[in-house]
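*Asks:* Sharing a structure with you now.
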Amino acid sequence: MRALLGRLARLGLIATGVFAAGSALAEPVKIRIGWSTMPGHMIPVLYSNPSILKHYGKSYVVEPILFRGSTPQITAMAAGEVDMAAFSATALALAATNAGLDVKVVADIIQDGVDGHHSDSFLVKADSPIKTAEDLKGKRIATNAIGSASDTGMRVMLLNKGLQDKRDFTSIEVAFPNVPAMIDENKVDSGPVLQPMYGQLTKSGKFRKLFSVSDAVGPNSLVFLTARNDFLQKNKAAVMDFMEDHVTAMRWFMDPKNKQAGAEIIAKFTKQPPENFAYMFTKEDYYRDPYLVPNVPGIQVMIDASVKAGALPAAFTVAPKYVDVTFVTEAKKRIQATEAAAGGKAQ
């Protein structure tokens with residue numbers, strides 16, 4: 001009898017171990033996503049409305065991680081500290097060529113100057129003697145991060161005017177929120193200012209636009225979502241669910257009937273009044289694809305601009321090697337099927 005009890009106990013322990021292993025396998029996949037600006041990137045607030053998310057907390061969860069810009073996220077991705085990142089075109093090329101990362105473009109975040117939408121802009125004080133890009137010769141220019149999208153646009157613009165960094169001007173890395181104060185205090189002569197601060201400052205009469213990124217390179221894909229390919233392949237089902245929720249959440253914010261509720265969510269996160277975000281999802285905002293399908297030709301535009309600006313040492317081709325639209329394409333199909341079943345109109 002004692003031997004039988006011992007066998008049963010051992011079986012019980014084995015069963016318990018199997019159950020525990022099954023529970024561990026059922027844990028949601030944690031997706032760590034880098035981002036650097038709000039409300040442009042939107043990543044920190046996209047999961048704040050659980051009622052519209054089918055899979056959050058079941059097959060995946062998200063941990064947003066703040067960075068100064070796109071390029072600092074390369075190091076984090078190489079170190080395995082993030083699974084997805086908000087990259088500029090330059091960051092993508094550097095991640096692949098310098099860091100040797102197997103990284104894929106998986107979704108759109110924001111596009112610059114597309115279809116008449118807002119473009120990242122460099123401001124000066126309203127009474128500044130600087131009237132044109134050529135007048136920045138010998139001046140100090142703020143940039144959020146070397147190799148970022150706005151930094152690339154600035155360098156191309158000045159290169160077109162015959163100006164080179166260190167020889168003809170000085171660039172100083174400054175976090176986006178601190179740029180206006182640096183201009184106002186004459187610590188720099190110009191710098192990139194994002195929405196909603198851009199609209200507030202230009203309307204105040206104290207600042208004026210000098211040039212935009214699209215003035216330098218034309219319409220382009222400013223920032224897009226990338227992912228480590230090993231993470232995508234290991235967690236295909238979870239990433240499919242994540243992307244469906246990710247696109248669904250973005251579409252919820254973009255829906256005019258949710259404008260006020262969305263503005264309040266963004267306002268709570270940024271600690272600003274909701275009315276500051278009235279410009280969002282209008283022509284005063286960046287362009288976003290309605291299903292977040294990445295604008296690969298627009299990424300290549302910025303890659304080519306980065307090569308011209310000297311931010312990249314050689315030509316780099318994005319597609320097809322560094323693109324995987326499998327997940328966002330499946331998300332679009334799922335969402336359109338849901339909308340059709342509900343009697344809605346798919347875009």
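Starting from 1 in every chain, residues are counted up; chains themselves are A, B, ... following the order of the structure tokens, and ligands are numbered from 1 as listed.
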Considering only helix (DSSP H, G or I) as DSSP defines it on the backbone, what residues of range 129-242 of chain A qualify? List them as number ranges by chain.

*Replies:* A: 133-136, 149-160, 176-184, 197-204, 213-217, 229-234, 236-242

*Asks:* List every residue of range 199-340 of chain A that DSSP, applied to the backbone of this structure, assigns to strand (DSSP E), and report them as a PDB file with all heavy atoms, in the first residue's frame.

*Replies:*
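Here's the written file result-v8.pdb:
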ATOM      1  N   PHE A 207       7.113  82.890 -32.631  1.00  0.00           N
ATOM      2  CA  PHE A 207       7.970  82.029 -33.437  1.00  0.00           C
ATOM      3  C   PHE A 207       7.406  81.932 -34.851  1.00  0.00           C
ATOM      4  O   PHE A 207       6.219  82.146 -35.067  1.00  0.00           O
ATOM      5  CB  PHE A 207       8.056  80.616 -32.835  1.00  0.00           C
ATOM      6  CG  PHE A 207       8.692  80.559 -31.476  1.00  0.00           C
ATOM      7  CD1 PHE A 207       7.955  80.843 -30.329  1.00  0.00           C
ATOM      8  CD2 PHE A 207      10.028  80.212 -31.331  1.00  0.00           C
ATOM      9  CE1 PHE A 207       8.536  80.788 -29.072  1.00  0.00           C
ATOM     10  CE2 PHE A 207      10.618  80.145 -30.082  1.00  0.00           C
ATOM     11  CZ  PHE A 207       9.872  80.441 -28.948  1.00  0.00           C
ATOM     12  N   ARG A 208       8.270  81.593 -35.790  1.00  0.00           N
ATOM     13  CA  ARG A 208       7.801  81.359 -37.162  1.00  0.00           C
ATOM     14  C   ARG A 208       8.559  80.183 -37.779  1.00  0.00           C
ATOM     15  O   ARG A 208       9.691  79.853 -37.367  1.00  0.00           O
ATOM     16  CB  ARG A 208       7.957  82.609 -38.022  1.00  0.00           C
ATOM     17  CG  ARG A 208       9.346  83.151 -38.115  1.00  0.00           C
ATOM     18  CD  ARG A 208       9.405  84.410 -38.984  1.00  0.00           C
ATOM     19  NE  ARG A 208      10.659  85.121 -38.791  1.00  0.00           N
ATOM     20  CZ  ARG A 208      11.809  84.789 -39.354  1.00  0.00           C
ATOM     21  NH1 ARG A 208      11.846  83.755 -40.187  1.00  0.00           N
ATOM     22  NH2 ARG A 208      12.910  85.468 -39.118  1.00  0.00           N
ATOM     23  N   LYS A 209       7.923  79.580 -38.744  1.00  0.00           N
ATOM     24  CA  LYS A 209       8.510  78.434 -39.440  1.00  0.00           C
ATOM     25  C   LYS A 209       9.598  78.899 -40.391  1.00  0.00           C
ATOM     26  O   LYS A 209       9.404  79.854 -41.140  1.00  0.00           O
ATOM     27  CB  LYS A 209       7.405  77.688 -40.198  1.00  0.00           C
ATOM     28  CG  LYS A 209       7.901  76.586 -41.117  1.00  0.00           C
ATOM     29  CD  LYS A 209       6.731  75.986 -41.876  1.00  0.00           C
ATOM     30  CE  LYS A 209       7.181  75.098 -43.018  1.00  0.00           C
ATOM     31  NZ  LYS A 209       6.038  74.558 -43.792  1.00  0.00           N
ATOM     32  N   LEU A 210      10.722  78.194 -40.371  1.00  0.00           N
ATOM     33  CA  LEU A 210      11.805  78.478 -41.304  1.00  0.00           C
ATOM     34  C   LEU A 210      11.730  77.517 -42.500  1.00  0.00           C
ATOM     35  O   LEU A 210      11.764  77.957 -43.652  1.00  0.00           O
ATOM     36  CB  LEU A 210      13.161  78.353 -40.607  1.00  0.00           C
ATOM     37  CG  LEU A 210      14.379  78.766 -41.437  1.00  0.00           C
ATOM     38  CD1 LEU A 210      14.290  80.247 -41.826  1.00  0.00           C
ATOM     39  CD2 LEU A 210      15.667  78.495 -40.669  1.00  0.00           C
ATOM     40  N   PHE A 211      11.617  76.224 -42.227  1.00  0.00           N
ATOM     41  CA  PHE A 211      11.439  75.231 -43.284  1.00  0.00           C
ATOM     42  C   PHE A 211      10.946  73.927 -42.656  1.00  0.00           C
ATOM     43  O   PHE A 211      10.994  73.756 -41.432  1.00  0.00           O
ATOM     44  CB  PHE A 211      12.744  74.985 -44.066  1.00  0.00           C
ATOM     45  CG  PHE A 211      13.872  74.411 -43.247  1.00  0.00           C
ATOM     46  CD1 PHE A 211      13.970  73.036 -43.008  1.00  0.00           C
ATOM     47  CD2 PHE A 211      14.845  75.235 -42.703  1.00  0.00           C
ATOM     48  CE1 PHE A 211      15.017  72.518 -42.255  1.00  0.00           C
ATOM     49  CE2 PHE A 211      15.891  74.727 -41.943  1.00  0.00           C
ATOM     50  CZ  PHE A 211      15.977  73.364 -41.712  1.00  0.00           C
ATOM     51  N   SER A 212      10.478  73.022 -43.506  1.00  0.00           N
ATOM     52  CA  SER A 212       9.995  71.726 -43.027  1.00  0.00           C
ATOM     53  C   SER A 212      10.817  70.604 -43.655  1.00  0.00           C
ATOM     54  O   SER A 212      11.557  70.823 -44.640  1.00  0.00           O
ATOM     55  CB  SER A 212       8.524  71.540 -43.381  1.00  0.00           C
ATOM     56  OG  SER A 212       8.366  71.378 -44.780  1.00  0.00           O
ATOM     57  N   ASN A 220       7.317  61.877 -47.349  1.00  0.00           N
ATOM     58  CA  ASN A 220       8.124  60.731 -46.949  1.00  0.00           C
ATOM     59  C   ASN A 220       7.493  59.989 -45.774  1.00  0.00           C
ATOM     60  O   ASN A 220       6.546  60.476 -45.159  1.00  0.00           O
ATOM     61  CB  ASN A 220       9.526  61.204 -46.568  1.00  0.00           C
ATOM     62  CG  ASN A 220       9.498  62.128 -45.365  1.00  0.00           C
ATOM     63  OD1 ASN A 220       9.542  61.694 -44.222  1.00  0.00           O
ATOM     64  ND2 ASN A 220       9.381  63.445 -45.625  1.00  0.00           N
ATOM     65  N   SER A 221       8.039  58.832 -45.495  1.00  0.00           N
ATOM     66  CA  SER A 221       7.628  58.087 -44.300  1.00  0.00           C
ATOM     67  C   SER A 221       8.568  58.475 -43.178  1.00  0.00           C
ATOM     68  O   SER A 221       9.761  58.157 -43.211  1.00  0.00           O
ATOM     69  CB  SER A 221       7.687  56.579 -44.555  1.00  0.00           C
ATOM     70  OG  SER A 221       7.214  55.867 -43.443  1.00  0.00           O
ATOM     71  N   LEU A 222       8.033  59.167 -42.188  1.00  0.00           N
ATOM     72  CA  LEU A 222       8.868  59.761 -41.144  1.00  0.00           C
ATOM     73  C   LEU A 222       9.308  58.724 -40.116  1.00  0.00           C
ATOM     74  O   LEU A 222      10.491  58.602 -39.800  1.00  0.00           O
ATOM     75  CB  LEU A 222       8.090  60.886 -40.458  1.00  0.00           C
ATOM     76  CG  LEU A 222       8.882  61.876 -39.628  1.00  0.00           C
ATOM     77  CD1 LEU A 222       9.807  62.700 -40.510  1.00  0.00           C
ATOM     78  CD2 LEU A 222       7.934  62.814 -38.874  1.00  0.00           C
ATOM     79  N   VAL A 223       8.341  57.994 -39.570  1.00  0.00           N
ATOM     80  CA  VAL A 223       8.620  56.987 -38.541  1.00  0.00           C
ATOM     81  C   VAL A 223       7.710  55.789 -38.785  1.00  0.00           C
ATOM     82  O   VAL A 223       6.542  55.956 -39.132  1.00  0.00           O
ATOM     83  CB  VAL A 223       8.380  57.542 -37.119  1.00  0.00           C
ATOM     84  CG1 VAL A 223       8.722  56.499 -36.058  1.00  0.00           C
ATOM     85  CG2 VAL A 223       9.201  58.806 -36.877  1.00  0.00           C
ATOM     86  N   PHE A 224       8.221  54.604 -38.570  1.00  0.00           N
ATOM     87  CA  PHE A 224       7.456  53.386 -38.807  1.00  0.00           C
ATOM     88  C   PHE A 224       7.831  52.352 -37.747  1.00  0.00           C
ATOM     89  O   PHE A 224       8.883  52.445 -37.094  1.00  0.00           O
ATOM     90  CB  PHE A 224       7.739  52.844 -40.217  1.00  0.00           C
ATOM     91  CG  PHE A 224       9.185  52.944 -40.614  1.00  0.00           C
ATOM     92  CD1 PHE A 224      10.088  51.947 -40.300  1.00  0.00           C
ATOM     93  CD2 PHE A 224       9.648  54.083 -41.274  1.00  0.00           C
ATOM     94  CE1 PHE A 224      11.422  52.067 -40.624  1.00  0.00           C
ATOM     95  CE2 PHE A 224      10.999  54.208 -41.614  1.00  0.00           C
ATOM     96  CZ  PHE A 224      11.884  53.190 -41.289  1.00  0.00           C
ATOM     97  N   LEU A 225       6.971  51.375 -37.593  1.00  0.00           N
ATOM     98  CA  LEU A 225       7.183  50.336 -36.583  1.00  0.00           C
ATOM     99  C   LEU A 225       8.026  49.217 -37.171  1.00  0.00           C
ATOM    100  O   LEU A 225       7.731  48.701 -38.251  1.00  0.00           O
ATOM    101  CB  LEU A 225       5.843  49.789 -36.104  1.00  0.00           C
ATOM    102  CG  LEU A 225       5.871  48.875 -34.873  1.00  0.00           C
ATOM    103  CD1 LEU A 225       6.374  49.640 -33.649  1.00  0.00           C
ATOM    104  CD2 LEU A 225       4.482  48.292 -34.603  1.00  0.00           C
ATOM    105  N   THR A 226       9.084  48.867 -36.464  1.00  0.00           N
ATOM    106  CA  THR A 226       9.950  47.777 -36.880  1.00  0.00           C
ATOM    107  C   THR A 226       9.981  46.710 -35.793  1.00  0.00           C
ATOM    108  O   THR A 226       9.621  46.968 -34.637  1.00  0.00           O
ATOM    109  CB  THR A 226      11.387  48.263 -37.131  1.00  0.00           C
ATOM    110  OG1 THR A 226      11.899  48.812 -35.904  1.00  0.00           O
ATOM    111  CG2 THR A 226      11.431  49.322 -38.210  1.00  0.00           C
ATOM    112  N   ALA A 227      10.441  45.514 -36.152  1.00  0.00           N
ATOM    113  CA  ALA A 227      10.526  44.425 -35.183  1.00  0.00           C
ATOM    114  C   ALA A 227      11.697  43.522 -35.519  1.00  0.00           C
ATOM    115  O   ALA A 227      12.086  43.384 -36.681  1.00  0.00           O
ATOM    116  CB  ALA A 227       9.224  43.623 -35.170  1.00  0.00           C
ATOM    117  N   ARG A 228      12.254  42.909 -34.486  1.00  0.00           N
ATOM    118  CA  ARG A 228      13.278  41.889 -34.691  1.00  0.00           C
ATOM    119  C   ARG A 228      12.631  40.672 -35.346  1.00  0.00           C
ATOM    120  O   ARG A 228      11.601  40.187 -34.879  1.00  0.00           O
ATOM    121  CB  ARG A 228      13.911  41.475 -33.362  1.00  0.00           C
ATOM    122  CG  ARG A 228      14.697  42.566 -32.678  1.00  0.00           C
ATOM    123  CD  ARG A 228      15.496  42.060 -31.472  1.00  0.00           C
ATOM    124  NE  ARG A 228      15.164  40.720 -31.045  1.00  0.00           N
ATOM    125  CZ  ARG A 228      14.444  40.434 -29.957  1.00  0.00           C
ATOM    126  NH1 ARG A 228      13.947  41.412 -29.221  1.00  0.00           N
ATOM    127  NH2 ARG A 228      14.220  39.185 -29.615  1.00  0.00           N
TER     128      ARG A 228
END

*Asks:* Give me the residues within 9 Å of Phe281 in chain A as an mmCIF file with N, CA and C atoms, in the first residue's frame, counting only C-alpha atoms and dropping any in the same chain fewer than 2 places off.

*Replies:*
data_model
loop_
_atom_site.group_PDB
_atom_site.id
_atom_site.type_symbol
_atom_site.label_atom_id
_atom_site.label_comp_id
_atom_site.auth_asym_id
_atom_site.auth_seq_id
_atom_site.Cartn_x
_atom_site.Cartn_y
_atom_site.Cartn_z
ATOM 1 N N PHE A 253 -9.044 55.843 -32.549
ATOM 2 C CA PHE A 253 -8.623 57.232 -32.326
ATOM 3 C C PHE A 253 -8.866 58.088 -33.570
ATOM 4 N N MET A 254 -8.713 57.500 -34.752
ATOM 5 C CA MET A 254 -8.883 58.250 -35.998
ATOM 6 C C MET A 254 -10.350 58.489 -36.359
ATOM 7 N N ASP A 255 -11.253 57.747 -35.751
ATOM 8 C CA ASP A 255 -12.685 57.879 -36.045
ATOM 9 C C ASP A 255 -13.208 59.207 -35.491
ATOM 10 N N PRO A 256 -13.797 60.066 -36.334
ATOM 11 C CA PRO A 256 -14.269 61.375 -35.870
ATOM 12 C C PRO A 256 -15.219 61.303 -34.684
ATOM 13 N N LYS A 259 -13.365 61.588 -31.382
ATOM 14 C CA LYS A 259 -12.372 62.671 -31.307
ATOM 15 C C LYS A 259 -12.218 63.223 -29.889
ATOM 16 N N ALA A 278 -6.926 69.238 -30.787
ATOM 17 C CA ALA A 278 -7.994 69.384 -31.784
ATOM 18 C C ALA A 278 -7.454 69.206 -33.201
ATOM 19 N N TYR A 279 -6.167 69.465 -33.408
ATOM 20 C CA TYR A 279 -5.566 69.355 -34.737
ATOM 21 C C TYR A 279 -5.416 67.904 -35.185
ATOM 22 N N LYS A 283 -5.541 67.766 -41.460
ATOM 23 C CA LYS A 283 -4.395 68.072 -42.307
ATOM 24 C C LYS A 283 -3.245 68.704 -41.507
ATOM 25 N N GLU A 284 -3.564 69.228 -40.314
ATOM 26 C CA GLU A 284 -2.518 69.811 -39.476
ATOM 27 C C GLU A 284 -1.714 68.746 -38.756
ATOM 28 N N ASP A 285 -2.141 67.501 -38.868
ATOM 29 C CA ASP A 285 -1.458 66.378 -38.238
ATOM 30 C C ASP A 285 -0.680 65.607 -39.309
ATOM 31 N N TYR A 286 0.183 64.685 -38.875
ATOM 32 C CA TYR A 286 0.856 63.793 -39.811
ATOM 33 C C TYR A 286 -0.176 62.902 -40.512
ATOM 34 N N TYR A 287 0.216 62.348 -41.640
ATOM 35 C CA TYR A 287 -0.636 61.378 -42.323
ATOM 36 C C TYR A 287 -0.377 59.996 -41.738
ATOM 37 N N ARG A 288 -1.460 59.252 -41.531
ATOM 38 C CA ARG A 288 -1.370 57.863 -41.092
ATOM 39 C C ARG A 288 -2.210 57.010 -42.026
#

*Asks:* Rank A:Ala249, A:Ala237, A:Ala89, A:Ala26 by their smallest atom-to-atom distance to Val296 in chain A, using only C-alpha atoms, and report the top residue only.

*Replies:*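 The shortest atom-to-atom distance to Val296 in chain A comes from A:Ala89.
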
*Asks:* Which residue out of A:Met197, A:Met77, A:Met302, A:Ala263 has the minimum interatomic distance to Asp151 in chain A when only C-alpha atoms are used?

*Replies:*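 Selected residue with least distance to Asp151 in chain A: A:Met302.
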
*Asks:* For each of A:Gly343, A:Gly153, A:Gly113, A:Gly80, take the minimum atom-to-atom distance to Gly310 in chain A, counting only C-alpha atoms, then give the residue where this is smallest.

*Replies:* A:Gly153

*Asks:* For CA of Asn295 in chain A and CA of Ala107 in chain A, quote the distance in Å rounded to one decimal.

*Replies:*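 A separation of 8.6 Å between them.
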
*Asks:* My list of candidates is A:Met280, A:Val239, A:Leu159, A:Val124. Which is closest to Glu185 in chain A when distances are computed with only C-alpha atoms?

*Replies:*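 Of all the options, A:Val124 lies closest to Glu185 in chain A.
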
*Asks:* Closest to Pro50 in chain A among A:Val307, A:His246, A:Leu136, A:Asp215, using only C-alpha atoms?

*Replies:*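 The shortest atom-to-atom distance to Pro50 in chain A comes from A:His246.
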
*Asks:* At a cut-off of 12 Å, using only C-alpha atoms, what residues contact Leu123 in chain A? Leave out same-chain residues fewer than 5 positions from it and give the result as JSON, numbers by chain.

*Replies:* {"A": [128, 130, 131, 132, 133, 136, 141, 142, 143, 154, 179, 180, 181, 182, 183, 184, 188, 189, 190, 191, 192, 193, 194, 197, 198, 199, 201, 202, 205, 206, 207, 208, 209, 210, 211, 212, 213]}

*Asks:* Smallest atom-to-atom distance to Ala91 in chain A: which of A:Ala238, A:Ala261, A:Val318, A:Ala331, using only C-alpha atoms?

*Replies:*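 The answer is A:Val318, which sits nearest to Ala91 in chain A.
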
*Asks:* Quick one: everything within 10 Å of Glu81 in chain A, counting only C-alpha atoms, minus sequence neighbours fewer than 4 positions away in the same chain. Send it as an MDAnalysis selection string.

*Replies:* chainID A and resid 32:34 65 73:77

*Asks:* With all heavy atoms retained, write the just-selected residues as an mmCIF file, in the first residue's frame.

*Replies:*
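Below is the file selection.cif, written as the result:
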data_model
loop_
_atom_site.group_PDB
_atom_site.id
_atom_site.type_symbol
_atom_site.label_atom_id
_atom_site.label_comp_id
_atom_site.auth_asym_id
_atom_site.auth_seq_id
_atom_site.Cartn_x
_atom_site.Cartn_y
_atom_site.Cartn_z
ATOM 1 N N ARG A 32 7.780 44.488 -25.974
ATOM 2 C CA ARG A 32 8.393 45.747 -25.521
ATOM 3 C C ARG A 32 8.613 46.638 -26.746
ATOM 4 O O ARG A 32 9.334 46.255 -27.665
ATOM 5 C CB ARG A 32 9.706 45.449 -24.808
ATOM 6 C CG ARG A 32 9.554 44.542 -23.574
ATOM 7 C CD ARG A 32 10.874 43.926 -23.163
ATOM 8 N NE ARG A 32 11.428 43.109 -24.249
ATOM 9 C CZ ARG A 32 12.665 42.595 -24.219
ATOM 10 N NH1 ARG A 32 13.461 42.810 -23.189
ATOM 11 N NH2 ARG A 32 13.092 41.861 -25.238
ATOM 12 N N ILE A 33 7.967 47.811 -26.729
ATOM 13 C CA ILE A 33 7.979 48.686 -27.906
ATOM 14 C C ILE A 33 8.609 50.039 -27.563
ATOM 15 O O ILE A 33 8.167 50.727 -26.640
ATOM 16 C CB ILE A 33 6.556 48.924 -28.441
ATOM 17 C CG1 ILE A 33 5.830 47.592 -28.673
ATOM 18 C CG2 ILE A 33 6.611 49.722 -29.735
ATOM 19 C CD1 ILE A 33 4.410 47.760 -29.176
ATOM 20 N N GLY A 34 9.607 50.427 -28.337
ATOM 21 C CA GLY A 34 10.211 51.737 -28.159
ATOM 22 C C GLY A 34 9.393 52.826 -28.837
ATOM 23 O O GLY A 34 8.747 52.587 -29.855
ATOM 24 N N ILE A 65 8.363 51.747 -24.061
ATOM 25 C CA ILE A 65 9.611 52.221 -23.464
ATOM 26 C C ILE A 65 10.026 53.512 -24.181
ATOM 27 O O ILE A 65 10.173 53.536 -25.400
ATOM 28 C CB ILE A 65 10.716 51.170 -23.577
ATOM 29 C CG1 ILE A 65 10.272 49.860 -22.879
ATOM 30 C CG2 ILE A 65 12.014 51.682 -22.950
ATOM 31 C CD1 ILE A 65 11.240 48.714 -23.052
ATOM 32 N N GLN A 73 17.207 53.717 -30.081
ATOM 33 C CA GLN A 73 16.497 52.445 -29.990
ATOM 34 C C GLN A 73 17.265 51.305 -30.664
ATOM 35 O O GLN A 73 17.003 50.127 -30.391
ATOM 36 C CB GLN A 73 15.102 52.582 -30.600
ATOM 37 C CG GLN A 73 14.216 53.561 -29.850
ATOM 38 C CD GLN A 73 12.855 53.743 -30.488
ATOM 39 O OE1 GLN A 73 12.120 52.783 -30.686
ATOM 40 N NE2 GLN A 73 12.500 54.979 -30.806
ATOM 41 N N ILE A 74 18.217 51.646 -31.526
ATOM 42 C CA ILE A 74 19.032 50.615 -32.175
ATOM 43 C C ILE A 74 19.815 49.843 -31.122
ATOM 44 O O ILE A 74 19.841 48.605 -31.118
ATOM 45 C CB ILE A 74 19.998 51.233 -33.199
ATOM 46 C CG1 ILE A 74 19.245 51.990 -34.283
ATOM 47 C CG2 ILE A 74 20.887 50.147 -33.814
ATOM 48 C CD1 ILE A 74 20.157 52.785 -35.211
ATOM 49 N N THR A 75 20.465 50.570 -30.226
ATOM 50 C CA THR A 75 21.260 49.937 -29.171
ATOM 51 C C THR A 75 20.392 49.054 -28.293
ATOM 52 O O THR A 75 20.786 47.937 -27.930
ATOM 53 C CB THR A 75 21.960 51.013 -28.318
ATOM 54 O OG1 THR A 75 22.751 51.849 -29.163
ATOM 55 C CG2 THR A 75 22.841 50.378 -27.260
ATOM 56 N N ALA A 76 19.201 49.556 -27.963
ATOM 57 C CA ALA A 76 18.288 48.782 -27.118
ATOM 58 C C ALA A 76 17.840 47.501 -27.821
ATOM 59 O O ALA A 76 17.758 46.436 -27.205
ATOM 60 C CB ALA A 76 17.081 49.633 -26.752
ATOM 61 N N MET A 77 17.569 47.596 -29.115
ATOM 62 C CA MET A 77 17.161 46.407 -29.859
ATOM 63 C C MET A 77 18.312 45.410 -29.966
ATOM 64 O O MET A 77 18.123 44.203 -29.822
ATOM 65 C CB MET A 77 16.642 46.791 -31.244
ATOM 66 C CG MET A 77 16.080 45.619 -32.029
ATOM 67 S SD MET A 77 15.282 46.091 -33.585
ATOM 68 C CE MET A 77 13.649 46.553 -32.995
#

*Asks:* Residues within 12 Å of Tyr47 in chain A, please, as number ranges by chain. Count only C-alpha atoms; anything in the same chain fewer than 2 positions from it doesn't count.

*Replies:* A: 42-45, 49-57, 60-64, 242-250, 252-253, 262, 265-266

*Asks:* For Pro313 in chain A, list every protein, DNA or RNA residue within 12 Å, evaluated using only C-alpha atoms, and leave out those in the same chain fewer than 3 positions away; present the list as a PyMOL selection string.

*Replies:* chain A and resi 90+93-94+97-98+303-310+316

*Asks:* State, in Å with one decimal place, the distance from CA of Ser59 in chain A to CA of Leu46 in chain A.

*Replies:*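 Answer for the CA of Ser59 in chain A to CA of Leu46 in chain A separation: 16.4 Å.
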
*Asks:* So what do you get for CA of Asp168 in chain A versus CA of Thr152 in chain A, distance-wise?

*Replies:*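 Rounded to one decimal, the two atoms are 16.2 Å apart.
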